[in-house]
Amino acid sequence: MSTPLLVTKLYVPPPRPKAIPRPHLTGRLKEGLHRKLTLISAPAGFGKTTLVSEWVAGAGRPTAWLSLDDADSDPARFLAYLVAALRTIVPNIGEGLLSALQSPQPPPIESMLTVLLNELATVPDNFILVLDDYHLIDAKPIDNALAFLLEHQPPRMRLVIATREDPQLPLARLRSRGQLTELRAADLRFTPSEAAEFLNPVMGLTLSAADIAALEDRTEGWIAGLQLAAISMRGHQDATSFITSFTGSHRFVLDYLVEEVLHQQSERVQAFLLRTSILDRLYGPLCDAVLLDSSISGQETLAYLERANLFLVPLDDERRWYRYHHLFAELLRQRLHQGTAGFVGEAPCGLPEVTVFHGRASVWFDNHGLELEAFQHAAAANDVTRAERLIVGKGTPLYVRGGTAAVLAWLESLPAPVLDARPSLWVMFASVLSIAGHVTRVEPKLQAAEAALHGVAPDDETRDLIGRIAGIRALLALLAADPHQIETIIVQSRRALKYLHPDNLRERAATAWKLGLAYQYQGNRAAARRAYTEAISASEASGNVHVNILATTGLGNIQEFDNQLSVAAETYRRVLRLVGDPPGPVACEAHVGLARIRYKWNDLEAARQHGQLSVHLARQVEIASFVSSELFLARLQLAQGDVTGAIALLAETEQSVRQRNFWFRMPDVAAAQVLALLRQGNLAEAAKLAQAHDLPMSQARVHLAQGETSAALAVLEGWRRQVEAKGWEDERLKVMVLQALALEAHGEQDVAGRLLSEALALAEPGGYVRLFLDEGAPMAHLLTDAVARGARPAYAGKLLAVFEAEVQKREDRSSLPAAQLLSEPLSPRELDVLRLIAQGRSNREIGEKLFLALDTVKGHNRKIFGKLDVQSRTEAIARARELGLV
């Protein structure tokens, strides 16, 4: 569940009806379309937004516009609005990113942006993305994300930033590369001729050339100053005297002119301006709700203010939503909080009354489903009870739905006595910090919550808080990525489930999933199955789709481990239905599960498709699931005879695992590496790796490769006793198959035959094929004996038929020229490129070697991949070797 988005932030401000044409500036903006970034940086009141909105209206390119505010400093909220803005020109873009944002622990911003950038790279038309008021962003992660976006910006995209201060971006590097267009205050100030046109025809004055020159000189071409001066002079008979007396800095001038502007308005309009200045965006019914004054209409007053040019900016074409000019709004708020209404006949507007206005605004936003805005006004009203209720919401808390930065800022502003009086706020503080990635700050908040709860009479609410505290500690242990923390996850999760209220299904679902994951890491699969089942039930009842996806994926893993392949496949397909289309990164584990199952059934094409999609999704967010995906592809490469490619991929996977401290995946990586090394004939390295990671099955395979059948049987017998005691059905089946081969090699054919019969009985319900096929000729010999002895003759006969088909396929391929195996043969030049790819050359190196442009090399790559029906270099090399092309 995501927080509703305010669509007015996505509207391109409509051009002003009497705007001054500025062709010298729009020309520079047009010229900037040849560069990555256009930066319009100047203080308030220099017409940045007006200039950009009028330029994009005539730029002839689709434009995505995002008007930023303080709340957008939350990275999740920023990204959600960024996608929403882009969807105004590219519908349905960003599904993967939005899906990732729903995670309780979203992946790194750069990973999510990579997903979005890949989609943007496919947009066929040139387009513009405008970020207006970027100075309101105060978050280093967002600055870093924008720098990443600029570094990898798609060629058809141009970024425009309007801001009062320079953003923390690599401007110097962009400037030196000729990738930056800049407009600053000196560029934006009105020229004398523009000032003359603005003051007389537009503002309706009749100033002399001398007066215009004097005022332009006094304001230094500052557009807001000229506008304020023009409004003020409407009530002065002697414009020259007014201009002559007009001196001072911009801030002093603005204070003076606002006084003049306010005093020229009726008391009712002055009250409207001051009291509605608490709102970032203005809408007639909203203003009515804040003022509660039936004698004045919000929408009519807004229409009047626009006609009077009183610094009101329309936000939509229907003239329903507006905002005040930023600097004008700041000064109105300053006067409001100073406790002076600024006009005669009105009582001072003190801080208590301001909180009332904020409270009314909060109610209106809440009633209209704008929860973040409702919370922000409740916080401004110092209504702690209401603010907390709005954060908790009706299901998923606000801080999980894009409000992390706003909620964290509010919690950090509260004094300790307020938090102590409401221990639930300490617990909320800890939750928000964990989501924001401030893991080291979480435990002190939990301890403060426990101290605040000390001595409080136990009831359902306090017990639930104790459960939530334990649930957060379980999460901290999970995030530690430390094998020694597994028991902590289990203990704290159990404690959480003991204390959490039965109706707190959202927390119970998440906790049960963490418990299931810990049991799975521990190898207690029966307990993991129970925990995952509980998590699925609670998540379905609470509507927590994300936890439902995670727990259902975990259940699929357990079913797969228990050799229930058809059941597991259906469970993984249920995950994909929950994720929806297009699939988000969270679907990667389900896809790799289906890839493994299809591989076990010898449906290699379907396995390849699921495996490739899994890798694609997992690499977008760099979660631990990428390990499963890459291990599967390496196994597929081995099955297709590409040993070199498998070893190279496994080396990359190992490096990634070590860099990210995914300790729990190293044994799986090592086991796959042993298989590849044995296939390569590197027995010494395989033995070393199997021993270092204490891998019994790998050690047994090394012993068999060395001809040490007794040693292999000894290892396998001990390992079989362990897996049977633990109830690990998949490992039991694997060890029995390898035991049968070891016994055959040891000369105990009868015992080997009986054991193979048992293995066939276990494997047949699951439909296993590759488990036997991957063992090669020795297994084919054992199966022939099984058929002769009448042991599972139908199943064993089917497996033998697959063996024979594989042999025939290899013979058929070896007897055909490679060209006959392709629907469209490779050209001589494409063969040259393919051979260099097989040598590991980069595109640039291939271009230098063959005297080809880089784009030409990439074009050859696309044609080669298409003809070979592959999607990557690794697959191209494997396919080429299979066809004898390299």
# chains A, B, ... in the order shown; residues from 1 in each chain; ligands from 1

$ residues_around --residues "region 138-152 of chain A" --least-positions-apart "5" --cutoff "9 Å" --atoms "only C-alpha atoms" --output "PDB file with C-alpha atoms, in the first residue's frame"
ATOM      1  CA  LYS A  36      22.936  16.249 -19.969  1.00  0.00           C
ATOM      2  CA  LEU A  37      21.940  18.865 -17.399  1.00  0.00           C
ATOM      3  CA  ASP A  70      10.392  19.526   1.970  1.00  0.00           C
ATOM      4  CA  ASP A  72      10.368  14.891  -0.777  1.00  0.00           C
ATOM      5  CA  SER A  73      13.668  14.618   1.106  1.00  0.00           C
ATOM      6  CA  ASP A  74      12.495  11.118   1.963  1.00  0.00           C
ATOM      7  CA  PRO A  75      14.214   8.942  -0.685  1.00  0.00           C
ATOM      8  CA  PHE A  78      11.186  11.197  -3.940  1.00  0.00           C
ATOM      9  CA  LEU A  79      11.478   8.084  -6.084  1.00  0.00           C
ATOM     10  CA  ILE A 109      18.662   3.654  -4.365  1.00  0.00           C
ATOM     11  CA  GLU A 110      21.248   3.135  -7.108  1.00  0.00           C
ATOM     12  CA  LEU A 113      17.481   3.597 -10.280  1.00  0.00           C
ATOM     13  CA  THR A 114      19.266   1.068 -12.470  1.00  0.00           C
ATOM     14  CA  LEU A 117      17.274   3.792 -16.213  1.00  0.00           C
ATOM     15  CA  LEU A 159      17.435  16.845 -16.985  1.00  0.00           C
ATOM     16  CA  PRO A 167      22.727  21.134  -5.675  1.00  0.00           C
ATOM     17  CA  GLN A 168      25.383  18.783  -4.297  1.00  0.00           C
ATOM     18  CA  LEU A 169      26.093  17.304  -7.718  1.00  0.00           C
ATOM     19  CA  PRO A 170      29.371  16.905  -9.677  1.00  0.00           C
TER      20      PRO A 170
END

$ residues_around --residues "Phe190 (chain A)" --least-positions-apart "4" --cutoff "10 Å" --atoms "only C-alpha atoms" --output "NGL selection string"
:A and (20 or 22 or 46-47 or 185-186 or 194-198 or 216 or 219-223 or 226)

$ write_last_selection --atoms "all heavy atoms" --output "short mmCIF file (atom, residue, chain, number, x, y, z; two decimals), in the first residue's frame"
data_model
loop_
_atom_site.label_atom_id
_atom_site.label_comp_id
_atom_site.auth_asym_id
_atom_site.auth_seq_id
_atom_site.Cartn_x
_atom_site.Cartn_y
_atom_site.Cartn_z
N ILE A 20 6.50 38.00 -20.32
CA ILE A 20 7.45 38.73 -21.16
C ILE A 20 8.26 37.73 -21.97
O ILE A 20 8.92 36.85 -21.40
CB ILE A 20 8.40 39.59 -20.31
CG1 ILE A 20 7.60 40.52 -19.40
CG2 ILE A 20 9.35 40.37 -21.19
CD1 ILE A 20 6.73 41.49 -20.13
N ARG A 22 11.27 36.05 -23.62
CA ARG A 22 12.70 36.14 -23.30
C ARG A 22 13.49 35.22 -24.24
O ARG A 22 14.05 34.20 -23.83
CB ARG A 22 12.94 35.78 -21.83
CG ARG A 22 11.99 36.49 -20.86
CD ARG A 22 12.46 36.42 -19.43
NE ARG A 22 13.58 37.31 -19.20
CZ ARG A 22 14.26 37.38 -18.05
NH1 ARG A 22 13.94 36.58 -17.05
NH2 ARG A 22 15.28 38.21 -17.92
N PHE A 46 13.39 35.30 -9.14
CA PHE A 46 14.05 35.58 -10.41
C PHE A 46 13.34 34.91 -11.60
O PHE A 46 13.88 34.89 -12.69
CB PHE A 46 15.52 35.19 -10.37
CG PHE A 46 16.41 36.27 -9.83
CD1 PHE A 46 16.71 36.33 -8.48
CD2 PHE A 46 16.92 37.25 -10.67
CE1 PHE A 46 17.53 37.33 -7.98
CE2 PHE A 46 17.74 38.25 -10.19
CZ PHE A 46 18.03 38.30 -8.83
N GLY A 47 12.16 34.34 -11.37
CA GLY A 47 11.37 33.82 -12.48
C GLY A 47 11.85 32.50 -13.04
O GLY A 47 11.61 32.21 -14.22
N ALA A 185 21.51 34.11 -11.61
CA ALA A 185 20.79 35.36 -11.35
C ALA A 185 21.15 36.44 -12.36
O ALA A 185 20.28 37.19 -12.84
CB ALA A 185 21.07 35.83 -9.93
N ALA A 186 22.42 36.53 -12.69
CA ALA A 186 22.84 37.56 -13.65
C ALA A 186 22.20 37.37 -15.01
O ALA A 186 21.97 38.33 -15.75
CB ALA A 186 24.36 37.54 -13.77
N GLU A 194 13.08 44.70 -20.91
CA GLU A 194 12.13 43.76 -20.33
C GLU A 194 11.43 44.38 -19.13
O GLU A 194 10.22 44.19 -18.93
CB GLU A 194 12.84 42.47 -19.93
CG GLU A 194 13.29 41.61 -21.10
CD GLU A 194 14.17 40.43 -20.68
OE1 GLU A 194 14.83 40.51 -19.62
OE2 GLU A 194 14.19 39.43 -21.42
N ALA A 195 12.17 45.12 -18.32
CA ALA A 195 11.58 45.80 -17.17
C ALA A 195 10.52 46.79 -17.62
O ALA A 195 9.44 46.90 -17.02
CB ALA A 195 12.66 46.49 -16.35
N ALA A 196 10.80 47.53 -18.69
CA ALA A 196 9.83 48.51 -19.20
C ALA A 196 8.56 47.82 -19.67
O ALA A 196 7.44 48.26 -19.38
CB ALA A 196 10.46 49.31 -20.34
N GLU A 197 8.70 46.72 -20.39
CA GLU A 197 7.54 46.01 -20.90
C GLU A 197 6.73 45.41 -19.75
O GLU A 197 5.50 45.37 -19.77
CB GLU A 197 7.96 44.91 -21.87
CG GLU A 197 6.79 44.22 -22.55
CD GLU A 197 7.25 43.23 -23.61
OE1 GLU A 197 8.46 43.14 -23.85
OE2 GLU A 197 6.37 42.54 -24.17
N PHE A 198 7.43 44.94 -18.71
CA PHE A 198 6.74 44.32 -17.58
C PHE A 198 5.98 45.36 -16.76
O PHE A 198 4.82 45.17 -16.39
CB PHE A 198 7.77 43.60 -16.69
CG PHE A 198 7.20 43.06 -15.42
CD1 PHE A 198 6.40 41.92 -15.43
CD2 PHE A 198 7.45 43.68 -14.20
CE1 PHE A 198 5.87 41.42 -14.25
CE2 PHE A 198 6.92 43.18 -13.03
CZ PHE A 198 6.13 42.04 -13.05
N GLU A 216 14.61 49.77 -12.13
CA GLU A 216 15.39 48.61 -12.58
C GLU A 216 16.76 48.61 -11.91
O GLU A 216 17.28 47.56 -11.51
CB GLU A 216 15.53 48.64 -14.10
CG GLU A 216 15.97 47.33 -14.72
CD GLU A 216 17.48 47.15 -14.74
OE1 GLU A 216 18.18 48.19 -14.73
OE2 GLU A 216 17.96 46.01 -14.75
N THR A 219 16.33 47.62 -8.13
CA THR A 219 16.05 46.19 -7.92
C THR A 219 17.06 45.28 -8.57
O THR A 219 17.01 44.06 -8.38
CB THR A 219 14.66 45.83 -8.47
OG1 THR A 219 14.64 46.11 -9.87
CG2 THR A 219 13.57 46.63 -7.77
N GLU A 220 17.98 45.87 -9.37
CA GLU A 220 18.98 45.09 -10.11
C GLU A 220 18.33 44.03 -10.99
O GLU A 220 18.83 42.92 -11.14
CB GLU A 220 19.97 44.44 -9.13
CG GLU A 220 20.73 45.45 -8.29
CD GLU A 220 21.69 44.78 -7.31
OE1 GLU A 220 21.88 43.56 -7.41
OE2 GLU A 220 22.23 45.49 -6.46
N GLY A 221 17.17 44.40 -11.56
CA GLY A 221 16.49 43.48 -12.46
C GLY A 221 15.80 42.33 -11.77
O GLY A 221 15.34 41.38 -12.43
N TRP A 222 15.69 42.41 -10.46
CA TRP A 222 15.06 41.33 -9.68
C TRP A 222 13.57 41.34 -9.94
O TRP A 222 12.85 42.29 -9.60
CB TRP A 222 15.36 41.56 -8.21
CG TRP A 222 14.86 40.51 -7.27
CD1 TRP A 222 14.82 39.18 -7.48
CD2 TRP A 222 14.33 40.75 -5.97
NE1 TRP A 222 14.32 38.55 -6.39
CE2 TRP A 222 14.01 39.49 -5.42
CE3 TRP A 222 14.13 41.89 -5.19
CZ2 TRP A 222 13.48 39.34 -4.16
CZ3 TRP A 222 13.61 41.75 -3.93
CH2 TRP A 222 13.27 40.48 -3.42
N ILE A 223 13.05 40.26 -10.54
CA ILE A 223 11.68 40.26 -11.05
C ILE A 223 10.68 40.38 -9.92
O ILE A 223 9.70 41.14 -10.02
CB ILE A 223 11.44 38.98 -11.88
CG1 ILE A 223 12.41 38.93 -13.06
CG2 ILE A 223 10.01 38.90 -12.36
CD1 ILE A 223 12.39 37.62 -13.82
N LEU A 226 10.51 43.94 -8.73
CA LEU A 226 9.78 44.79 -9.68
C LEU A 226 8.28 44.57 -9.56
O LEU A 226 7.48 45.52 -9.61
CB LEU A 226 10.24 44.48 -11.10
CG LEU A 226 11.63 44.99 -11.49
CD1 LEU A 226 12.07 44.38 -12.81
CD2 LEU A 226 11.64 46.51 -11.59
#

$ closest_residue --among "A:Pro314, A:Pro108, A:Gly225, A:Pro765" --to "Thr50 (chain A)" --atoms "only C-alpha atoms"
A:Pro314

$ atom_distance --atom1 "CA of Leu129 (chain A)" --atom2 "CA of Thr63 (chain A)"
5.8 Å

$ select_by_dssp --residues "region 141-275 of chain A" --states "alpha helix (DSSP H)" --output "number ranges by chain"
A: 141-151, 171-176, 185-188, 192-197, 209-219, 223-233, 239-244, 250-263, 267-275

$ residues_around --residues "Ala878 (chain A)" --least-positions-apart "3" --cutoff "8 Å" --atoms "only C-alpha atoms" --output "PyMOL selection string"
chain A and resi 637+640-642+645+874-875+881-882

$ write_last_selection --atoms "N, CA, C and O atoms" --output "CSV table (one decimal), in the first residue's frame"
chain,number,residue,atom,x,y,z
A,637,GLN,N,25.3,-23.8,-17.6
A,637,GLN,CA,26.4,-23.8,-18.5
A,637,GLN,C,27.2,-25.1,-18.4
A,637,GLN,O,27.7,-25.6,-19.5
A,640,GLN,N,25.6,-27.7,-20.5
A,640,GLN,CA,25.7,-27.4,-21.9
A,640,GLN,C,27.2,-27.5,-22.3
A,640,GLN,O,27.5,-27.2,-23.5
A,641,GLY,N,28.1,-27.9,-21.4
A,641,GLY,CA,29.5,-28.1,-21.8
A,641,GLY,C,30.4,-26.8,-21.7
A,641,GLY,O,31.6,-26.9,-22.1
A,642,ASP,N,29.9,-25.7,-21.2
A,642,ASP,CA,30.7,-24.5,-21.2
A,642,ASP,C,31.3,-24.4,-19.8
A,642,ASP,O,30.9,-23.6,-18.9
A,645,GLY,N,33.0,-20.9,-19.1
A,645,GLY,CA,32.1,-19.9,-18.8
A,645,GLY,C,31.5,-20.0,-17.4
A,645,GLY,O,31.3,-19.0,-16.7
A,874,THR,N,28.1,-14.6,-22.4
A,874,THR,CA,28.3,-16.0,-21.8
A,874,THR,C,27.5,-17.0,-22.6
A,874,THR,O,28.1,-18.1,-23.0
A,875,GLU,N,26.3,-16.7,-22.8
A,875,GLU,CA,25.4,-17.7,-23.6
A,875,GLU,C,25.9,-17.8,-25.0
A,875,GLU,O,25.9,-18.9,-25.6
A,881,ARG,N,30.4,-22.6,-28.9
A,881,ARG,CA,31.2,-23.8,-28.7
A,881,ARG,C,30.4,-25.1,-29.0
A,881,ARG,O,30.9,-26.1,-29.5
A,882,GLU,N,29.1,-25.0,-28.6
A,882,GLU,CA,28.3,-26.2,-28.9
A,882,GLU,C,28.2,-26.4,-30.4
A,882,GLU,O,28.1,-27.6,-30.8

$ residues_around --residues "Glu300 (chain A)" --least-positions-apart "6" --cutoff "12 Å" --atoms "only C-alpha atoms" --output "list in words"
Val269, Phe272, Tyr283, Gly284, Pro285, Cys287, Asp288, Glu306, Arg307, Arg319 and Arg320 of chain A

$ closest_residue --among "A:Leu33, A:Ala59, A:Val737, A:Val751" --to "Gln179 (chain A)" --atoms "only C-alpha atoms"
A:Leu33

$ residues_around --residues "Leu854 (chain A)" --least-positions-apart "6" --cutoff "9 Å" --atoms "only C-alpha atoms" --output "count of residues only"
5

$ residues_around --residues "region 702-712 of chain A" --least-positions-apart "2" --cutoff "6 Å" --atoms "only C-alpha atoms" --output "list of chain:residue names"
A:Ala687, A:Gln699, A:Ala700, A:Ala714, A:Val715, A:Ala742, A:His746

$ write_last_selection --atoms "C-alpha atoms" --output "compact mmCIF listing (two decimals), in the first residue's frame"
# COMPACT_ATOMS: atom_id res chain seq x y z
CA ALA A 687 39.74 -31.00 -3.07
CA GLN A 699 34.44 -34.24 -0.89
CA ALA A 700 32.91 -37.54 -2.01
CA ALA A 714 32.82 -43.37 4.12
CA VAL A 715 32.00 -39.69 3.64
CA ALA A 742 30.37 -45.06 -5.62
CA HIS A 746 33.81 -50.03 -5.70

$ select_by_dssp --residues "region 83-226 of chain A" --states "strand (DSSP E)" --output "tab-separated table (two decimals) with C-alpha atoms, in the first residue's frame"
chain	number	residue	atom	x	y	z
A	127	PHE	CA	12.08	13.93	-23.49
A	128	ILE	CA	12.74	16.39	-20.67
A	129	LEU	CA	12.60	15.81	-16.91
A	130	VAL	CA	12.21	18.98	-14.81
A	131	LEU	CA	12.87	19.03	-11.06
A	132	ASP	CA	11.59	22.35	-9.74
A	157	MET	CA	16.66	12.19	-21.70
A	158	ARG	CA	17.57	15.73	-20.61
A	159	LEU	CA	17.43	16.84	-16.98
A	160	VAL	CA	16.49	20.39	-15.95
A	161	ILE	CA	16.88	21.53	-12.34
A	162	ALA	CA	15.50	24.82	-11.00
A	163	THR	CA	16.81	25.74	-7.56
A	180	LEU	CA	26.20	21.43	-18.30
A	181	THR	CA	24.15	24.48	-19.28
A	182	GLU	CA	23.83	27.12	-16.55
A	183	LEU	CA	21.52	30.08	-16.05
A	184	ARG	CA	22.11	32.17	-12.95

$ closest_residue --among "A:Arg28, A:Arg473, A:Arg87, A:Arg529" --to "Val7 (chain A)" --atoms "only C-alpha atoms"
A:Arg87

$ atom_distance --atom1 "CA of Arg218 (chain A)" --atom2 "CA of Met233 (chain A)"
14.7 Å

$ residues_around --residues "Ser566 (chain A)" --least-positions-apart "6" --cutoff "12 Å" --atoms "only C-alpha atoms" --output "PyMOL selection string"
chain A and resi 556+559-560+572-573+593-594+596-598+600-601+764-768

$ write_last_selection --atoms "all heavy atoms" --output "compact mmCIF listing (two decimals), in the first residue's frame"
# COMPACT_ATOMS: atom_id res chain seq x y z
N GLY A 556 7.82 -22.18 -0.91
CA GLY A 556 8.21 -22.87 -2.14
C GLY A 556 9.59 -23.50 -2.01
O GLY A 556 9.81 -24.63 -2.49
N GLN A 559 9.21 -26.67 0.07
CA GLN A 559 8.56 -27.73 -0.73
C GLN A 559 9.54 -28.31 -1.74
O GLN A 559 9.57 -29.53 -1.96
CB GLN A 559 7.33 -27.16 -1.43
CG GLN A 559 6.21 -26.79 -0.47
CD GLN A 559 5.15 -25.91 -1.12
OE1 GLN A 559 5.38 -25.31 -2.16
NE2 GLN A 559 3.98 -25.83 -0.50
N GLU A 560 10.34 -27.46 -2.34
CA GLU A 560 11.35 -27.92 -3.29
C GLU A 560 12.38 -28.81 -2.58
O GLU A 560 12.77 -29.86 -3.09
CB GLU A 560 12.03 -26.72 -3.94
CG GLU A 560 13.00 -27.07 -5.06
CD GLU A 560 13.71 -25.85 -5.62
OE1 GLU A 560 13.29 -24.71 -5.31
OE2 GLU A 560 14.70 -26.05 -6.36
N TYR A 572 5.56 -21.29 -6.48
CA TYR A 572 6.33 -20.22 -7.13
C TYR A 572 5.46 -19.45 -8.13
O TYR A 572 5.58 -18.22 -8.26
CB TYR A 572 7.55 -20.80 -7.84
CG TYR A 572 8.63 -21.32 -6.91
CD1 TYR A 572 9.30 -22.53 -7.20
CD2 TYR A 572 9.00 -20.63 -5.78
CE1 TYR A 572 10.29 -23.01 -6.37
CE2 TYR A 572 10.00 -21.11 -4.94
CZ TYR A 572 10.64 -22.30 -5.24
OH TYR A 572 11.63 -22.77 -4.42
N ARG A 573 4.60 -20.17 -8.83
CA ARG A 573 3.70 -19.47 -9.78
C ARG A 573 2.71 -18.58 -9.02
O ARG A 573 2.35 -17.49 -9.50
CB ARG A 573 2.94 -20.49 -10.64
CG ARG A 573 3.82 -21.11 -11.73
CD ARG A 573 3.00 -21.91 -12.73
NE ARG A 573 2.50 -23.15 -12.17
CZ ARG A 573 3.12 -24.31 -12.24
NH1 ARG A 573 4.28 -24.41 -12.87
NH2 ARG A 573 2.57 -25.41 -11.71
N GLY A 593 13.55 -20.46 -8.63
CA GLY A 593 12.97 -21.72 -8.16
C GLY A 593 12.35 -22.50 -9.31
O GLY A 593 12.55 -23.71 -9.44
N LEU A 594 11.60 -21.81 -10.15
CA LEU A 594 11.03 -22.47 -11.33
C LEU A 594 12.11 -22.92 -12.29
O LEU A 594 11.99 -23.97 -12.94
CB LEU A 594 10.06 -21.50 -12.03
CG LEU A 594 8.73 -21.27 -11.32
CD1 LEU A 594 7.97 -20.10 -11.94
CD2 LEU A 594 7.87 -22.54 -11.35
N ARG A 596 15.15 -23.95 -11.43
CA ARG A 596 15.73 -25.19 -10.89
C ARG A 596 14.81 -26.39 -11.14
O ARG A 596 15.27 -27.48 -11.50
CB ARG A 596 15.97 -25.03 -9.38
CG ARG A 596 17.12 -24.12 -9.02
CD ARG A 596 17.46 -24.25 -7.53
NE ARG A 596 16.31 -23.89 -6.69
CZ ARG A 596 16.12 -22.72 -6.12
NH1 ARG A 596 16.99 -21.74 -6.32
NH2 ARG A 596 15.07 -22.49 -5.34
N ILE A 597 13.51 -26.19 -10.93
CA ILE A 597 12.57 -27.29 -11.10
C ILE A 597 12.51 -27.72 -12.57
O ILE A 597 12.53 -28.92 -12.89
CB ILE A 597 11.18 -26.89 -10.57
CG1 ILE A 597 11.23 -26.76 -9.05
CG2 ILE A 597 10.13 -27.92 -10.98
CD1 ILE A 597 9.99 -26.17 -8.43
N ARG A 598 12.43 -26.74 -13.47
CA ARG A 598 12.41 -27.07 -14.90
C ARG A 598 13.70 -27.78 -15.31
O ARG A 598 13.69 -28.69 -16.16
CB ARG A 598 12.22 -25.80 -15.72
CG ARG A 598 10.82 -25.22 -15.62
CD ARG A 598 9.80 -26.14 -16.27
NE ARG A 598 8.45 -25.62 -16.19
CZ ARG A 598 7.39 -26.23 -16.67
NH1 ARG A 598 7.52 -27.42 -17.27
NH2 ARG A 598 6.19 -25.71 -16.57
N LYS A 600 15.50 -29.71 -13.32
CA LYS A 600 15.40 -31.07 -12.78
C LYS A 600 14.51 -31.95 -13.66
O LYS A 600 14.72 -33.16 -13.74
CB LYS A 600 14.87 -31.03 -11.35
CG LYS A 600 15.85 -30.43 -10.36
CD LYS A 600 15.21 -30.13 -9.02
CE LYS A 600 16.19 -29.43 -8.09
NZ LYS A 600 15.59 -28.99 -6.82
N TRP A 601 13.51 -31.32 -14.32
CA TRP A 601 12.63 -32.06 -15.23
C TRP A 601 13.21 -32.15 -16.64
O TRP A 601 12.57 -32.67 -17.54
CB TRP A 601 11.27 -31.37 -15.29
CG TRP A 601 10.47 -31.51 -14.03
CD1 TRP A 601 10.64 -32.42 -13.05
CD2 TRP A 601 9.36 -30.69 -13.64
NE1 TRP A 601 9.71 -32.24 -12.04
CE2 TRP A 601 8.90 -31.18 -12.39
CE3 TRP A 601 8.69 -29.60 -14.21
CZ2 TRP A 601 7.83 -30.61 -11.71
CZ3 TRP A 601 7.62 -29.04 -13.54
CH2 TRP A 601 7.19 -29.53 -12.30
N GLU A 764 10.88 -40.70 -8.47
CA GLU A 764 9.83 -40.79 -9.49
C GLU A 764 8.65 -39.85 -9.23
O GLU A 764 8.17 -39.19 -10.17
CB GLU A 764 9.34 -42.23 -9.61
CG GLU A 764 8.36 -42.40 -10.77
CD GLU A 764 8.00 -43.86 -11.00
OE1 GLU A 764 8.34 -44.72 -10.16
OE2 GLU A 764 7.37 -44.14 -12.04
N PRO A 765 8.13 -39.73 -7.99
CA PRO A 765 7.00 -38.81 -7.78
C PRO A 765 7.31 -37.36 -8.16
O PRO A 765 6.42 -36.64 -8.59
CB PRO A 765 6.71 -38.94 -6.27
CG PRO A 765 7.24 -40.29 -5.91
CD PRO A 765 8.47 -40.47 -6.75
N GLY A 766 8.56 -36.97 -8.00
CA GLY A 766 8.94 -35.61 -8.35
C GLY A 766 9.28 -35.43 -9.81
O GLY A 766 9.43 -34.30 -10.29
N GLY A 767 9.44 -36.52 -10.54
CA GLY A 767 9.74 -36.44 -11.96
C GLY A 767 11.18 -36.04 -12.25
O GLY A 767 11.46 -35.42 -13.30
N TYR A 768 12.12 -36.40 -11.38
CA TYR A 768 13.53 -36.02 -11.58
C TYR A 768 14.10 -36.68 -12.83
O TYR A 768 13.86 -37.86 -13.09
CB TYR A 768 14.36 -36.47 -10.38
CG TYR A 768 14.25 -35.58 -9.16
CD1 TYR A 768 13.29 -35.84 -8.19
CD2 TYR A 768 15.11 -34.51 -8.99
CE1 TYR A 768 13.18 -35.03 -7.05
CE2 TYR A 768 15.02 -33.70 -7.86
CZ TYR A 768 14.06 -33.97 -6.90
OH TYR A 768 13.96 -33.17 -5.80

$ atom_distance --atom1 "CA of Ser241 (chain A)" --atom2 "CA of Pro201 (chain A)"
21.3 Å
